[in-house]
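> I'm passing along query_30.cif; it holds mmCIF, C-alpha atoms and all ligand atoms.
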data_coords
loop_
_atom_site.label_atom_id
_atom_site.label_comp_id
_atom_site.auth_asym_id
_atom_site.auth_seq_id
_atom_site.Cartn_x
_atom_site.Cartn_y
_atom_site.Cartn_z
CA MET A 1 108.28 104.13 126.19
CA LEU A 2 106.55 104.59 122.84
CA LEU A 3 102.86 104.23 122.15
CA PRO A 4 101.87 101.11 120.21
CA ARG A 5 100.39 101.60 116.72
CA PHE A 6 96.70 102.52 116.58
CA CYS A 7 94.21 104.16 114.23
CA TYR A 8 93.13 107.62 115.43
CA HIS A 9 89.59 108.88 114.79
CA GLU A 10 88.42 112.44 115.44
CA PRO A 11 84.63 112.55 115.08
CA GLU A 12 83.02 115.99 114.83
CA ASN A 13 79.98 115.09 116.88
CA LEU A 14 78.50 112.43 119.13
CA GLU A 15 76.55 110.72 116.35
CA GLN A 16 79.73 110.23 114.30
CA ALA A 17 81.56 108.94 117.37
CA LEU A 18 78.81 106.37 118.01
CA VAL A 19 78.93 105.17 114.40
CA ILE A 20 82.70 104.65 114.64
CA MET A 21 82.36 102.88 118.00
CA ASN A 22 79.88 100.54 116.34
CA GLU A 23 82.04 99.96 113.25
CA VAL A 24 85.20 99.04 115.17
CA LYS A 25 83.23 96.34 116.99
CA GLY A 26 84.97 96.26 120.35
CA LYS A 27 88.41 96.99 118.88
CA GLY A 28 88.42 100.63 119.90
CA LEU A 29 88.24 102.84 122.98
CA PRO A 30 87.04 106.40 123.52
CA LEU A 31 89.92 108.75 124.23
CA ALA A 32 89.06 111.67 126.54
CA GLY A 33 91.89 113.38 128.47
CA GLY A 34 94.22 110.42 127.90
CA THR A 35 95.74 110.71 131.40
CA ASP A 36 94.91 107.09 132.15
CA LEU A 37 94.53 105.46 128.73
CA LEU A 38 97.70 106.77 127.08
CA VAL A 39 99.75 105.93 130.17
CA ASN A 40 98.40 102.36 130.11
CA MET A 41 99.09 102.08 126.38
CA LYS A 42 102.67 103.21 126.86
CA LYS A 43 103.09 100.61 129.58
CA GLY A 44 101.64 97.95 127.26
CA ILE A 45 98.71 97.28 129.65
CA MET A 46 96.15 98.32 127.01
CA CYS A 47 96.47 97.97 123.27
CA PRO A 48 93.33 99.20 121.44
CA GLU A 49 93.48 99.13 117.63
CA ASN A 50 91.40 102.32 117.40
CA LEU A 51 91.18 105.45 119.54
CA ILE A 52 88.04 107.52 119.11
CA CYS A 53 88.72 111.01 120.43
CA VAL A 54 85.63 112.31 122.24
CA SER A 55 87.17 115.22 124.12
CA GLY A 56 86.44 117.77 121.35
CA ILE A 57 82.72 116.97 121.14
CA GLN A 58 81.01 120.15 122.39
CA LYS A 59 77.86 118.33 123.55
CA LEU A 60 79.99 116.33 126.01
CA ARG A 61 81.78 119.39 127.37
CA GLN A 62 78.89 121.29 128.93
CA ILE A 63 77.57 121.73 132.43
CA HIS A 64 73.84 122.35 132.24
CA ALA A 65 71.63 123.32 135.19
CA ALA A 66 67.83 123.59 135.04
CA LYS A 67 64.76 122.87 137.19
CA GLY A 68 66.59 121.39 140.15
CA LYS A 69 68.83 119.22 138.00
CA MET A 70 72.44 119.38 136.93
CA ASN A 71 73.80 117.53 133.90
CA ILE A 72 77.55 117.31 133.51
CA GLY A 73 78.95 116.28 130.11
CA ALA A 74 81.29 113.29 130.30
CA CYS A 75 84.16 115.31 128.82
CA VAL A 76 83.99 118.16 131.32
CA ARG A 77 87.50 118.44 132.70
CA VAL A 78 88.23 117.86 136.36
CA GLY A 79 89.73 121.36 136.61
CA GLU A 80 86.51 122.86 135.26
CA LEU A 81 84.51 120.98 137.90
CA ALA A 82 86.76 122.26 140.65
CA LYS A 83 86.31 125.86 139.48
CA SER A 84 82.62 125.83 138.53
CA ILE A 85 80.62 128.15 140.82
CA GLU A 86 77.50 125.99 140.43
CA ILE A 87 79.33 122.78 141.32
CA ARG A 88 80.99 124.45 144.30
CA THR A 89 77.67 125.88 145.48
CA PHE A 90 75.41 122.84 145.08
CA PHE A 91 77.87 119.92 145.01
CA SER A 92 80.70 120.98 147.29
CA ALA A 93 81.87 117.38 147.91
CA LEU A 94 82.29 116.85 144.15
CA ALA A 95 84.31 120.07 143.92
CA GLU A 96 86.46 118.81 146.82
CA GLY A 97 87.03 115.50 145.01
CA ALA A 98 87.96 117.34 141.83
CA MET A 99 90.38 119.63 143.68
CA SER A 100 92.16 116.66 145.23
CA LEU A 101 92.67 114.77 141.95
CA GLY A 102 96.26 114.68 140.68
CA SER A 103 97.93 118.01 139.93
CA PRO A 104 96.85 121.16 138.02
CA LEU A 105 98.37 119.62 134.86
CA ILE A 106 96.37 116.40 135.24
CA ARG A 107 93.16 118.26 136.20
CA ASN A 108 93.45 120.33 133.00
CA MET A 109 93.31 117.17 130.88
CA ALA A 110 91.43 114.54 132.92
CA THR A 111 87.67 114.29 132.46
CA ILE A 112 84.85 113.24 134.77
CA GLY A 113 83.78 110.49 132.32
CA GLY A 114 87.32 109.11 132.15
CA ASN A 115 87.57 109.06 135.94
CA ILE A 116 84.35 107.05 136.18
CA VAL A 117 85.08 104.59 133.36
CA THR A 118 88.58 103.72 134.62
CA ALA A 119 86.73 102.22 137.63
CA ARG A 120 89.71 102.49 139.95
CA PRO A 121 88.69 101.69 143.54
CA ALA A 122 90.69 104.74 144.69
CA ALA A 123 89.38 107.21 142.08
CA ASP A 124 88.49 110.62 143.48
CA LEU A 125 85.17 111.47 141.81
CA PRO A 126 82.93 108.36 142.15
CA PRO A 127 82.52 108.53 145.98
CA SER A 128 81.02 112.02 146.05
CA LEU A 129 79.00 111.35 142.88
CA MET A 130 77.57 108.22 144.53
CA ALA A 131 76.88 110.20 147.71
CA TYR A 132 74.75 112.61 145.65
CA GLY A 133 72.96 109.66 144.01
CA ALA A 134 74.41 110.33 140.53
CA ARG A 135 73.20 108.50 137.44
CA ILE A 136 75.10 108.20 134.19
CA MET A 137 73.88 108.08 130.61
CA LEU A 138 75.36 105.49 128.25
CA ARG A 139 74.72 105.69 124.51
CA ASN A 140 75.29 103.54 121.45
CA ILE A 141 73.89 103.91 117.92
CA TYR A 142 70.70 102.10 118.91
CA GLY A 143 69.74 104.19 121.93
CA GLU A 144 70.62 105.15 125.47
CA ARG A 145 70.33 103.82 129.00
CA LEU A 146 70.46 105.55 132.36
CA VAL A 147 72.36 103.74 135.10
CA VAL A 148 72.68 104.52 138.80
CA LEU A 149 76.40 105.08 139.31
CA GLU A 150 76.72 102.54 142.13
CA ASP A 151 75.44 99.84 139.73
CA PHE A 152 78.00 100.78 137.08
CA PHE A 153 81.09 99.34 138.77
CA LYS A 154 81.81 95.60 138.75
CA GLY A 155 85.38 95.47 140.03
CA PRO A 156 88.78 97.15 139.61
CA GLY A 157 88.81 98.44 136.01
CA GLU A 158 85.54 96.64 135.26
CA THR A 159 82.15 98.15 134.54
CA ILE A 160 78.85 97.20 132.94
CA ARG A 161 79.66 99.40 129.88
CA ASN A 162 79.34 97.55 126.59
CA SER A 163 82.28 97.97 124.23
CA GLU A 164 80.40 100.20 121.75
CA GLU A 165 78.90 102.51 124.40
CA ILE A 166 80.01 106.03 125.25
CA VAL A 167 79.25 107.68 128.59
CA THR A 168 77.65 110.95 127.57
CA GLU A 169 76.60 112.68 130.79
CA ILE A 170 76.33 112.51 134.54
CA LEU A 171 72.96 113.47 136.01
CA LEU A 172 72.48 114.91 139.47
CA ASN A 173 69.50 116.28 141.37
CA LYS A 174 70.18 119.53 143.19
CA PRO A 175 70.15 118.80 146.94
CA PRO A 176 67.38 120.41 149.01
CA GLU A 177 67.81 123.34 151.40
CA TYR A 178 69.01 121.63 154.59
CA SER A 179 71.47 119.21 153.06
CA GLY A 180 75.21 118.87 153.23
CA ALA A 181 78.01 116.70 151.94
CA ALA A 182 81.75 116.29 152.30
CA TYR A 183 84.62 114.44 150.66
CA MET A 184 87.82 113.47 152.49
CA LYS A 185 90.89 111.79 151.06
CA LEU A 186 93.95 110.38 152.74
CA GLY A 187 97.12 109.82 150.73
CA VAL A 188 100.77 109.45 151.63
CA ARG A 189 101.36 112.95 150.23
CA GLN A 190 99.15 116.03 149.95
CA ALA A 191 99.19 116.21 146.12
CA LEU A 192 99.57 113.90 143.11
CA GLU A 193 98.57 111.01 145.31
CA ILE A 194 96.28 108.02 144.97
CA SER A 195 93.96 107.61 147.98
CA ILE A 196 94.80 105.19 150.76
CA VAL A 197 91.22 105.75 151.83
CA ASN A 198 88.57 108.18 150.67
CA VAL A 199 85.14 108.89 152.10
CA ALA A 200 82.15 110.87 150.87
CA VAL A 201 79.04 111.52 152.94
CA TYR A 202 75.71 113.17 152.24
CA MET A 203 72.82 113.98 154.54
CA GLU A 204 69.56 115.87 154.54
CA LEU A 205 67.95 117.33 157.68
CA ASN A 206 64.17 117.46 157.93
CA ALA A 207 64.56 120.95 159.50
CA LYS A 208 67.49 123.13 160.47
CA ASP A 209 67.62 121.48 163.90
CA GLY A 210 65.94 118.30 162.71
CA ALA A 211 66.79 114.65 162.21
CA ILE A 212 68.92 113.15 159.46
CA CYS A 213 67.21 111.66 156.44
CA LYS A 214 68.57 109.98 153.31
CA PRO A 215 72.13 109.65 154.65
CA ARG A 216 74.76 108.20 152.36
CA VAL A 217 78.23 107.07 153.37
CA ILE A 218 80.52 106.01 150.53
CA LEU A 219 83.94 104.47 151.02
CA GLY A 220 86.68 104.30 148.39
CA SER A 221 89.93 102.34 148.19
CA VAL A 222 88.74 99.75 150.71
CA ALA A 223 87.01 97.28 148.37
CA PRO A 224 87.16 96.32 144.65
CA THR A 225 84.71 99.18 143.91
CA PRO A 226 83.57 102.24 145.88
CA ILE A 227 80.98 100.93 148.34
CA ARG A 228 78.09 102.19 150.43
CA ALA A 229 78.48 101.71 154.18
CA PHE A 230 74.92 100.52 154.75
CA SER A 231 75.13 99.90 158.49
CA SER A 232 76.56 103.36 159.01
CA GLU A 233 73.69 104.85 156.99
CA GLN A 234 71.21 102.84 159.06
CA ILE A 235 72.61 104.26 162.31
CA LEU A 236 72.28 107.83 161.01
CA SER A 237 68.85 107.53 159.45
CA GLY A 238 66.07 109.28 161.38
CA GLU A 239 68.37 110.35 164.22
CA LYS A 240 69.23 113.79 165.55
CA PRO A 241 72.88 114.61 164.83
CA SER A 242 75.27 114.37 167.79
CA LYS A 243 78.92 113.65 168.44
CA ALA A 244 78.04 110.19 169.80
CA LEU A 245 75.88 109.39 166.77
CA PHE A 246 78.66 110.37 164.35
CA GLU A 247 81.14 108.27 166.34
CA SER A 248 79.02 105.14 166.14
CA ALA A 249 78.28 105.73 162.45
CA ALA A 250 82.02 106.07 161.82
CA GLU A 251 82.69 102.87 163.77
CA ALA A 252 80.05 101.06 161.69
CA ALA A 253 81.58 102.36 158.44
CA SER A 254 84.87 100.84 159.49
CA SER A 255 83.21 97.43 160.03
CA ASP A 256 81.41 97.74 156.67
CA CYS A 257 84.64 97.53 154.66
CA LYS A 258 87.18 94.79 154.00
CA PRO A 259 90.28 96.56 152.68
CA ILE A 260 93.43 94.84 151.48
CA THR A 261 96.96 95.31 152.73
CA ASP A 262 99.32 96.62 150.06
CA PHE A 263 102.48 98.75 149.79
CA ARG A 264 100.44 101.91 150.56
CA ALA A 265 98.80 100.77 153.82
CA SER A 266 97.71 97.79 155.89
CA GLU A 267 94.15 96.57 156.24
CA GLU A 268 94.05 97.67 159.90
CA TYR A 269 95.33 101.17 159.11
CA ARG A 270 92.77 101.61 156.33
CA LYS A 271 89.95 100.53 158.65
CA ASP A 272 91.13 102.97 161.32
CA MET A 273 91.34 105.77 158.76
CA VAL A 274 87.83 105.02 157.48
CA LYS A 275 86.63 105.68 161.02
CA VAL A 276 88.54 108.95 161.33
CA LEU A 277 87.59 110.30 157.90
CA THR A 278 83.93 109.28 158.18
CA LYS A 279 83.55 111.11 161.46
CA ARG A 280 85.23 114.24 160.11
CA ALA A 281 83.17 114.11 156.92
CA LEU A 282 79.92 113.75 158.90
CA VAL A 283 80.77 116.80 161.02
CA LYS A 284 81.59 118.82 157.89
CA ALA A 285 78.46 117.71 156.03
CA TYR A 286 76.31 118.52 159.08
CA ARG A 287 77.76 122.06 159.24
CA GLU A 288 77.00 122.55 155.58
CA ALA A 289 73.45 121.23 156.08
CA ARG A 290 72.91 123.77 158.88
CA LYS A 291 74.53 126.49 156.73
CA GLU A 292 77.05 127.25 159.49
C1 LIG B 301 100.19 111.63 137.27
C2 LIG B 301 98.76 111.14 137.43
C3 LIG B 301 98.10 111.40 138.61
C4 LIG B 301 96.78 110.97 138.77
N1 LIG B 301 96.15 111.24 139.95
C5 LIG B 301 94.89 110.82 140.14
C6 LIG B 301 94.23 111.10 141.37
O1 LIG B 301 94.75 111.72 142.29
N2 LIG B 301 92.93 110.65 141.51
C7 LIG B 301 92.29 109.96 140.52
O2 LIG B 301 91.12 109.59 140.70
N3 LIG B 301 92.91 109.68 139.34
C8 LIG B 301 94.17 110.09 139.12
N4 LIG B 301 94.81 109.82 137.94
C9 LIG B 301 94.11 109.01 136.92
C10 LIG B 301 93.42 109.81 135.79
O3 LIG B 301 94.01 111.08 135.62
C11 LIG B 301 91.93 110.02 136.06
O4 LIG B 301 91.28 108.79 136.27
C12 LIG B 301 91.22 110.78 134.93
O5 LIG B 301 90.02 111.32 135.40
C13 LIG B 301 90.94 109.94 133.70
O6 LIG B 301 90.24 110.75 132.78
P1 LIG B 301 90.72 110.93 131.28
O7 LIG B 301 89.79 111.88 130.63
O8 LIG B 301 92.17 111.30 131.21
O9 LIG B 301 90.50 109.45 130.74
P2 LIG B 301 91.22 108.69 129.55
O10 LIG B 301 92.62 108.36 129.94
O11 LIG B 301 91.02 109.40 128.26
O12 LIG B 301 90.32 107.36 129.53
C14 LIG B 301 90.31 106.47 130.62
C15 LIG B 301 89.38 105.30 130.29
O13 LIG B 301 88.03 105.74 130.22
C16 LIG B 301 87.48 105.51 128.92
N5 LIG B 301 86.64 106.67 128.62
C17 LIG B 301 86.97 107.97 128.77
N6 LIG B 301 85.91 108.75 128.49
C18 LIG B 301 84.90 107.92 128.18
C19 LIG B 301 83.53 108.13 127.82
N7 LIG B 301 82.99 109.35 127.73
N8 LIG B 301 82.75 107.04 127.58
C20 LIG B 301 83.28 105.79 127.66
N9 LIG B 301 84.55 105.54 128.00
C21 LIG B 301 85.35 106.60 128.27
C22 LIG B 301 88.68 105.35 128.00
O14 LIG B 301 88.36 104.56 126.86
C23 LIG B 301 89.67 104.68 128.94
O15 LIG B 301 89.40 103.29 129.00
C24 LIG B 301 96.12 110.25 137.73
C25 LIG B 301 96.82 110.01 136.53
C26 LIG B 301 98.11 110.45 136.38
C27 LIG B 301 98.83 110.19 135.07
#
Rewrite the structure of this file - the entire thing - as structure tokens.
Ligand SMILES: Cc1cc2nc3c(=O)[nH]c(=O)nc-3n(C[C@H](O)[C@H](O)[C@H](O)COP(=O)(O)OP(=O)(O)OC[C@H]3O[C@@H](n4cnc5c(N)ncnc54)[C@H](O)[C@@H]3O)c2cc1C

Amino acid sequence: MLLPRFCYHEPENLEQALVIMNEVKGKGLPLAGGTDLLVNMKKGIMCPENLICVSGIQKLRQIHAAKGKMNIGACVRVGELAKSIEIRTFFSALAEGAMSLGSPLIRNMATIGGNIVTARPAADLPPSLMAYGARIMLRNIYGERLVVLEDFFKGPGETIRNSEEIVTEILLNKPPEYSGAAYMKLGVRQALEISIVNVAVYMELNAKDGAICKPRVILGSVAPTPIRAFSSEQILSGEKPSKALFESAAEAASSDCKPITDFRASEEYRKDMVKVLTKRALVKAYREARKE
């Protein structure tokens, strides 16, 4: 399969990239790692007239930590996320998501921005990013806007991004002392596999042996976009962690989703697996919160 014809642009910096995005007026797409876009172009699913390569723009390739915040450039590679000591220390669930994406070859090319913008319901990074309350910065030549990640997705492959906008960075707040998170993925195989179900959870404790506050339970691959399991979060909120509490929160997460049946798994199986993974993720996040 050959690529269709297109005009290739290699801007030297973000400002140049934004000008080109504006000039091509919706007839161009940013090219980052190309692991999704080029595959879709070869299959004839996407046919942009212009590709604007953003992966060489240094400003988009940095991880910057300061004053309790962490900014991740949109073109930071998934492999870099998985290896980053700061990400592994403060955002372990994101590092887990990055480690489980594709293969070493794919992780060396794929970027965090590309993984978000593809808006696949089964994508590996959005659930943990949503669990940490991530926001993303979108820019065009006129300015920028900051969007909460869970508001970014509209449906499979659909987002609120305007055609001339580039995602420039992902913004996270460093979690407080007694907090923990976990990411769990179930696929048919251990590697190079799209999720049948994935789950990310986050919790804070108001003291080492205290109650749960600000819980977040995010489910992927069970709805058109990654979703928050609100009734599960409600069950956890303000309660002291226990096996029974985690079981009922996991049960609620399973009722919060309406997965489809496809060649990978049935609706019933997905719901059952949401329950299993949510419970395991809660136990893991709780251990991290208690620093065990
Ligand atoms: C063999 C294989 C295995 C895979 N396994 C997995 C997996 O296990 N889990 C998973 O989640 N994904 C998987 N993928 C999908 C893909 O690798 C990821 O989604 C990857 O993160 C996409 O990033 P990219 O940089 O390659 O994006 P690209 O392919 O460059 O771009 C994807 C889309 O995002 C847009 N885009 C990219 N960057 C920006 C930006 N900064 N601003 C605005 N728009 C942007 C592009 O225009 C395009 O529409 C796999 C792909 C392959 C080929």
> Which of these residues is nearest to ligand LIG 301 (chain B), using all atoms listed in the file: A:Val78, A:Met130, A:Leu172, A:Ala32?
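Selected residue with least distance to ligand LIG 301 (chain B): A:Ala32.
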> For a quick check of understanding, using only C-alpha atoms and all ligand atoms, which of A:Arg120, A:Arg88, A:Lys27, A:Lys42 has the smallest distance to ligand LIG 301 (chain B)?
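Of A:Arg120, A:Arg88, A:Lys27, A:Lys42, the one nearest ligand LIG 301 (chain B) is A:Arg120, counting only C-alpha atoms and all ligand atoms.
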> Set the cut-off to 7 Å, count only C-alpha atoms and all ligand atoms, and list whatever residues fall near ligand LIG 301 (chain B) as a PyMOL selection string.
chain A and resi 29-39+54+74-75+78+100-103+106+109-115+117-118+122-125+165-168+192-194
> Save out the residues we just selected, C-alpha atoms, as a PDB file, in the frame of the given file.

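Saved to result-v2.pdb:
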ATOM      1  CA  LEU A  29      88.240 102.840 122.980  1.00  0.00           C
ATOM      2  CA  PRO A  30      87.040 106.400 123.520  1.00  0.00           C
ATOM      3  CA  LEU A  31      89.920 108.750 124.230  1.00  0.00           C
ATOM      4  CA  ALA A  32      89.060 111.670 126.540  1.00  0.00           C
ATOM      5  CA  GLY A  33      91.890 113.380 128.470  1.00  0.00           C
ATOM      6  CA  GLY A  34      94.220 110.420 127.900  1.00  0.00           C
ATOM      7  CA  THR A  35      95.740 110.710 131.400  1.00  0.00           C
ATOM      8  CA  ASP A  36      94.910 107.090 132.150  1.00  0.00           C
ATOM      9  CA  LEU A  37      94.530 105.460 128.730  1.00  0.00           C
ATOM     10  CA  LEU A  38      97.700 106.770 127.080  1.00  0.00           C
ATOM     11  CA  VAL A  39      99.750 105.930 130.170  1.00  0.00           C
ATOM     12  CA  VAL A  54      85.630 112.310 122.240  1.00  0.00           C
ATOM     13  CA  ALA A  74      81.290 113.290 130.300  1.00  0.00           C
ATOM     14  CA  CYS A  75      84.160 115.310 128.820  1.00  0.00           C
ATOM     15  CA  VAL A  78      88.230 117.860 136.360  1.00  0.00           C
ATOM     16  CA  SER A 100      92.160 116.660 145.230  1.00  0.00           C
ATOM     17  CA  LEU A 101      92.670 114.770 141.950  1.00  0.00           C
ATOM     18  CA  GLY A 102      96.260 114.680 140.680  1.00  0.00           C
ATOM     19  CA  SER A 103      97.930 118.010 139.930  1.00  0.00           C
ATOM     20  CA  ILE A 106      96.370 116.400 135.240  1.00  0.00           C
ATOM     21  CA  MET A 109      93.310 117.170 130.880  1.00  0.00           C
ATOM     22  CA  ALA A 110      91.430 114.540 132.920  1.00  0.00           C
ATOM     23  CA  THR A 111      87.670 114.290 132.460  1.00  0.00           C
ATOM     24  CA  ILE A 112      84.850 113.240 134.770  1.00  0.00           C
ATOM     25  CA  GLY A 113      83.780 110.490 132.320  1.00  0.00           C
ATOM     26  CA  GLY A 114      87.320 109.110 132.150  1.00  0.00           C
ATOM     27  CA  ASN A 115      87.570 109.060 135.940  1.00  0.00           C
ATOM     28  CA  VAL A 117      85.080 104.590 133.360  1.00  0.00           C
ATOM     29  CA  THR A 118      88.580 103.720 134.620  1.00  0.00           C
ATOM     30  CA  ALA A 122      90.690 104.740 144.690  1.00  0.00           C
ATOM     31  CA  ALA A 123      89.380 107.210 142.080  1.00  0.00           C
ATOM     32  CA  ASP A 124      88.490 110.620 143.480  1.00  0.00           C
ATOM     33  CA  LEU A 125      85.170 111.470 141.810  1.00  0.00           C
ATOM     34  CA  GLU A 165      78.900 102.510 124.400  1.00  0.00           C
ATOM     35  CA  ILE A 166      80.010 106.030 125.250  1.00  0.00           C
ATOM     36  CA  VAL A 167      79.250 107.680 128.590  1.00  0.00           C
ATOM     37  CA  THR A 168      77.650 110.950 127.570  1.00  0.00           C
ATOM     38  CA  LEU A 192      99.570 113.900 143.110  1.00  0.00           C
ATOM     39  CA  GLU A 193      98.570 111.010 145.310  1.00  0.00           C
ATOM     40  CA  ILE A 194      96.280 108.020 144.970  1.00  0.00           C
TER      41      ILE A 194
END
> Hey, which of A:Glu86, A:Glu96, A:Glu268, A:Glu251 ends up closest to Pro127 (chain A)? Count all atoms listed in the file.
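Ranked by minimum distance to Pro127 (chain A), first place goes to A:Glu96.
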> Which of these residues is nearest to Arg107 (chain A), using all atoms listed in the file: A:Gly79, A:Gly155, A:Pro126, A:Gly133?
A:Gly79
> Using only C-alpha atoms, what does the table of region 20-120 of chain A residues within 9 Å of region 175-180 of chain A look like, with each row giving the shortest atom pair and its distance in Å to one decimal, sorted by chain and ascending number, as CSV?

residue,atom,partner,partner_atom,distance
A:Gly68,CA,A:Pro175,CA,8.1
A:Phe90,CA,A:Pro175,CA,6.9
A:Phe91,CA,A:Pro175,CA,8.0
A:Ser92,CA,A:Gly180,CA,8.4
A:Ala93,CA,A:Gly180,CA,8.7
> Nearest to Ser195 (chain A) among A:Leu149, A:Ala250, A:Arg264, A:Gly143, with distances taken over only C-alpha atoms: which residue is it?
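Selected residue with least distance to Ser195 (chain A): A:Arg264.
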> With distances taken over only C-alpha atoms, which residue among A:Leu81, A:Val148, A:Ile57, A:Leu282 lies nearest Leu94 (chain A)?
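Of all the options, A:Leu81 lies closest to Leu94 (chain A).
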> Show me, as a short mmCIF file (atom, residue, chain, number, x, y, z; two decimals) with C-alpha atoms, keeping the file's coordinate frame, the residues that have an atom within 7 Å of Phe153 (chain A) when counting all atoms listed in the file, minus same-chain residues fewer than 6 positions from it.

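Okay, result-v6.cif is ready:
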data_model
loop_
_atom_site.label_atom_id
_atom_site.label_comp_id
_atom_site.auth_asym_id
_atom_site.auth_seq_id
_atom_site.Cartn_x
_atom_site.Cartn_y
_atom_site.Cartn_z
CA ALA A 119 86.73 102.22 137.63
CA THR A 159 82.15 98.15 134.54
CA ILE A 160 78.85 97.20 132.94
CA THR A 225 84.71 99.18 143.91
#
> Find the distance between CA of Arg77 (chain A) and CA of Val274 (chain A) and write it in Å to one decimal.
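Interatomic distance, CA of Arg77 (chain A) to CA of Val274 (chain A): 28.2 Å.
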> Identify the residues within 9 Å of coordinate (68.2, 115.5, 159.5) (same frame as the file), considering all atoms listed in the file, and give the answer as an MDAnalysis selection string.
chainID A and resid 178:179 203:215 236:241 286 289
> Which residues come within 7 Å of Val201 (chain A), counting only C-alpha atoms, excluding same-chain residues fewer than 4 positions away, as a PyMOL selection string?
chain A and resi 131+181-183+216-218+281-282+285
> Rounded to one decimal, what separation in Å do you get between CA of Glu49 (chain A) and CA of Cys7 (chain A)?
6.1 Å
